[in-house]
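Following: one structure in structure tokens, then a few remarks.
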Amino acid sequence: MKPENYRYGAVLGKLKLRKMIAFRWNLIYKSDITFSEVGVTSGCNQAFCAAITSTASPGDSVILPSPWYFNHKMWLDMQGINILTLPCTKNFIPDFNALEKLYNQTVKAIILVTPNNPTGQEYPKKLILKFAHFARHKNIALIIDETYRDFISKSSNLHNLFQTEDWRHWLIHLYSFSKAYRIPGQRIGAIVTGPKR
């Protein structure tokens, strides 16, 4: 038996896996992510919990399109973080025009899940960029959960946020391996963001 199999592992995950994630993401997004910007988590839910913990405190608010992934709401409720509900169009696309009216000084992040759970809707790249520009302008985080990224039907819907020079300051990217690799019992997720976070 290998000693590393029964000891605590590295907090941010195995270095080899973190390097592979950075390598793969750089191919997909044409970016320059380093392993120091990658953390491996116990499923994407833990990645979401870490993302929220790094952005908001009890009494703060986040903007969340409805309908939302139930675990996101559950964690936000448990942390005492207010949800400002962003309406969606009849096609389940977040209504960007409603964003400015919804925003206030308590908002610390916008959360997007694309392809969406539960609707399956893929958010167009142009819309994601609008949300990114808004987050940057307001100096808040954009948390983008791409658990279902590998099922995007059109490559044109794949965002290019990692090509933005200052993405490390405002972008938090979440991913899960359980869906794409058909390993639902293996709770493995990833978070990619700036090293300070």
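Letters A, B, ... go to the chains of the structure tokens in the order shown; residues in each chain start at 1; ligands are counted from 1 in the same order.
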
| field | Who sits within 10 Å of region 164-170 of chain A, only C-alpha atoms, same chain under 5 positions skipped, as JSON, numbers by chain | value | {"A": [31, 32, 33, 37, 55, 109, 132, 135, 136, 139, 140, 141, 142, 143, 192, 193, 194, 195, 196, 197]}

| message | According to DSSP computed on the backbone, where in chain A is there strand (DSSP E or B)? Give the residues as number ranges by chain. | response | A: 38-41, 61-65, 82-86, 88, 94, 107-113, 141-145, 171-176, 189-192

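Between Pro58 (chain A) and the residues A:Thr147, A:Thr41, A:Gln79, A:Asn71, the shortest atom-to-atom distance, using only C-alpha atoms, involves A:Gln79.
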
Contact table region 89-197 of chain A vs region 7-18 of chain A, cut-off 12 Å, shortest pair per residue, only C-alpha atoms, as a tab-separated table:
```
residue	atom	partner	partner_atom	distance
A:Phe177	CA	A:Leu17	CA	11.9
A:Ile188	CA	A:Gly13	CA	10.0
A:Gly189	CA	A:Gly13	CA	10.2
A:Ala190	CA	A:Arg18	CA	8.7
A:Ile191	CA	A:Leu12	CA	9.6
A:Val192	CA	A:Arg18	CA	9.8
A:Pro195	CA	A:Leu12	CA	11.3
```

Output for the residues just chosen: all heavy atoms as a CSV table (one decimal), in the first residue's frame:
```csv
chain,number,residue,atom,x,y,z
A,177,PHE,N,-16.5,17.1,-12.5
A,177,PHE,CA,-16.1,16.0,-13.3
A,177,PHE,C,-17.2,14.8,-13.4
A,177,PHE,O,-17.1,14.0,-14.2
A,177,PHE,CB,-14.8,15.4,-12.9
A,177,PHE,CG,-13.7,16.3,-13.0
A,177,PHE,CD1,-13.4,17.2,-12.0
A,177,PHE,CD2,-12.9,16.4,-14.1
A,177,PHE,CE1,-12.3,18.1,-12.1
A,177,PHE,CE2,-11.9,17.3,-14.3
A,177,PHE,CZ,-11.6,18.2,-13.3
A,188,ILE,N,-15.8,15.0,-7.4
A,188,ILE,CA,-14.6,15.8,-7.7
A,188,ILE,C,-15.1,17.0,-8.5
A,188,ILE,O,-15.8,16.9,-9.5
A,188,ILE,CB,-13.7,14.9,-8.6
A,188,ILE,CG1,-13.3,13.6,-7.9
A,188,ILE,CG2,-12.4,15.8,-8.9
A,188,ILE,CD1,-12.5,12.7,-8.8
A,189,GLY,N,-14.7,18.2,-8.0
A,189,GLY,CA,-15.0,19.4,-8.7
A,189,GLY,C,-13.7,20.3,-8.8
A,189,GLY,O,-12.6,19.8,-8.3
A,190,ALA,N,-13.9,21.4,-9.4
A,190,ALA,CA,-12.7,22.3,-9.5
A,190,ALA,C,-13.2,23.8,-9.5
A,190,ALA,O,-14.3,24.1,-9.8
A,190,ALA,CB,-12.0,22.1,-10.9
A,191,ILE,N,-12.3,24.6,-9.0
A,191,ILE,CA,-12.5,26.0,-8.9
A,191,ILE,C,-11.2,26.7,-9.5
A,191,ILE,O,-10.1,26.3,-9.2
A,191,ILE,CB,-12.7,26.5,-7.5
A,191,ILE,CG1,-13.0,28.0,-7.5
A,191,ILE,CG2,-11.6,26.1,-6.5
A,191,ILE,CD1,-13.5,28.5,-6.1
A,192,VAL,N,-11.5,27.6,-10.4
A,192,VAL,CA,-10.4,28.4,-11.1
A,192,VAL,C,-10.6,29.8,-10.8
A,192,VAL,O,-11.7,30.4,-11.2
A,192,VAL,CB,-10.3,28.1,-12.6
A,192,VAL,CG1,-9.2,28.9,-13.2
A,192,VAL,CG2,-10.1,26.6,-12.9
A,195,PRO,N,-5.2,33.6,-7.6
A,195,PRO,CA,-4.5,33.0,-6.4
A,195,PRO,C,-4.9,33.6,-5.1
A,195,PRO,O,-4.9,32.9,-4.1
A,195,PRO,CB,-3.0,33.2,-6.7
A,195,PRO,CG,-2.9,33.6,-8.1
A,195,PRO,CD,-4.2,34.1,-8.5
```

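Take the candidates A:Ala98, A:Val62, A:Met74, A:Ile128 and check each one against Ile111 (chain A) using only C-alpha atoms; the shortest distance goes to A:Val62.
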
| What are the DSSP helix (DSSP H, G or I) residues of chain A, as a ChimeraX atom specification? | /A:3-6,15-29,35-37,43-53,70-79,96-102,125-138,149-151,155-157,161-163,167-170

| field | Leu86 (chain A) surroundings by only C-alpha atoms, 12 Å radius, close-in-sequence under 4 positions cut, as JSON, numbers by chain | value | {"A": [62, 63, 64, 65, 66, 67, 68, 92, 93, 94, 95, 96, 97, 98, 99, 100, 101, 102, 103, 110, 111, 112]}

Would you pick out the contacts of Tyr175 (chain A) at 12 Å or less, using only C-alpha atoms, so that residues sharing its chain but fewer than 5 positions from it are not included, and give the list as an mmCIF file with C-alpha atoms, in the first residue's frame?
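Result file follows (around_25.cif):
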```
data_model
loop_
_atom_site.group_PDB
_atom_site.id
_atom_site.type_symbol
_atom_site.label_atom_id
_atom_site.label_comp_id
_atom_site.auth_asym_id
_atom_site.auth_seq_id
_atom_site.Cartn_x
_atom_site.Cartn_y
_atom_site.Cartn_z
ATOM 1 C CA ILE A 21 -6.833 21.048 -15.332
ATOM 2 C CA TRP A 25 -8.671 24.709 -19.636
ATOM 3 C CA VAL A 38 -6.733 25.858 -9.741
ATOM 4 C CA GLY A 39 -8.209 24.108 -6.729
ATOM 5 C CA VAL A 40 -9.674 20.594 -6.654
ATOM 6 C CA THR A 41 -12.762 20.238 -4.460
ATOM 7 C CA SER A 42 -15.052 17.543 -3.096
ATOM 8 C CA GLY A 43 -17.577 18.042 -5.861
ATOM 9 C CA CYS A 44 -18.726 21.269 -7.452
ATOM 10 C CA ASN A 45 -20.878 22.059 -4.421
ATOM 11 C CA GLN A 46 -17.736 22.516 -2.329
ATOM 12 C CA ALA A 47 -16.315 24.711 -5.094
ATOM 13 C CA PHE A 48 -19.474 26.837 -4.882
ATOM 14 C CA ALA A 51 -16.514 30.731 -4.045
ATOM 15 C CA VAL A 113 -24.926 28.402 -14.405
ATOM 16 C CA THR A 114 -24.484 27.539 -18.074
ATOM 17 C CA PRO A 115 -25.691 25.250 -19.449
ATOM 18 C CA ILE A 143 -19.286 33.137 -10.432
ATOM 19 C CA ILE A 144 -19.836 30.962 -13.480
ATOM 20 C CA ASP A 145 -20.722 27.316 -12.881
ATOM 21 C CA GLU A 146 -19.991 25.212 -15.952
ATOM 22 C CA THR A 147 -20.738 21.764 -14.568
ATOM 23 C CA TYR A 148 -22.374 20.911 -17.908
ATOM 24 C CA ARG A 149 -19.828 22.666 -20.145
ATOM 25 C CA ASP A 150 -18.964 19.488 -22.013
ATOM 26 C CA ALA A 180 -18.912 14.542 -18.253
ATOM 27 C CA ARG A 187 -17.325 13.836 -5.894
ATOM 28 C CA ILE A 188 -14.638 15.776 -7.748
ATOM 29 C CA GLY A 189 -14.982 19.429 -8.676
ATOM 30 C CA ALA A 190 -12.711 22.309 -9.538
ATOM 31 C CA ILE A 191 -12.479 26.026 -8.926
ATOM 32 C CA VAL A 192 -10.388 28.352 -11.073
ATOM 33 C CA THR A 193 -9.800 31.911 -9.908
#
```

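CA of Ile172 (chain A) is found 16.8 Å from CA of Tyr123 (chain A).
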
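Interatomic distance, CA of Ser57 (chain A) to CA of Ser178 (chain A): 29.1 Å.
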
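Here CA of Lys30 (chain A) is placed at a distance of 7.7 Å from CA of Phe162 (chain A).
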
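Closest approach to Leu158 (chain A) from the set A:Ile83, A:Asp60, A:Ile28, A:Lys130 is made by A:Ile28, with distances taken over only C-alpha atoms.
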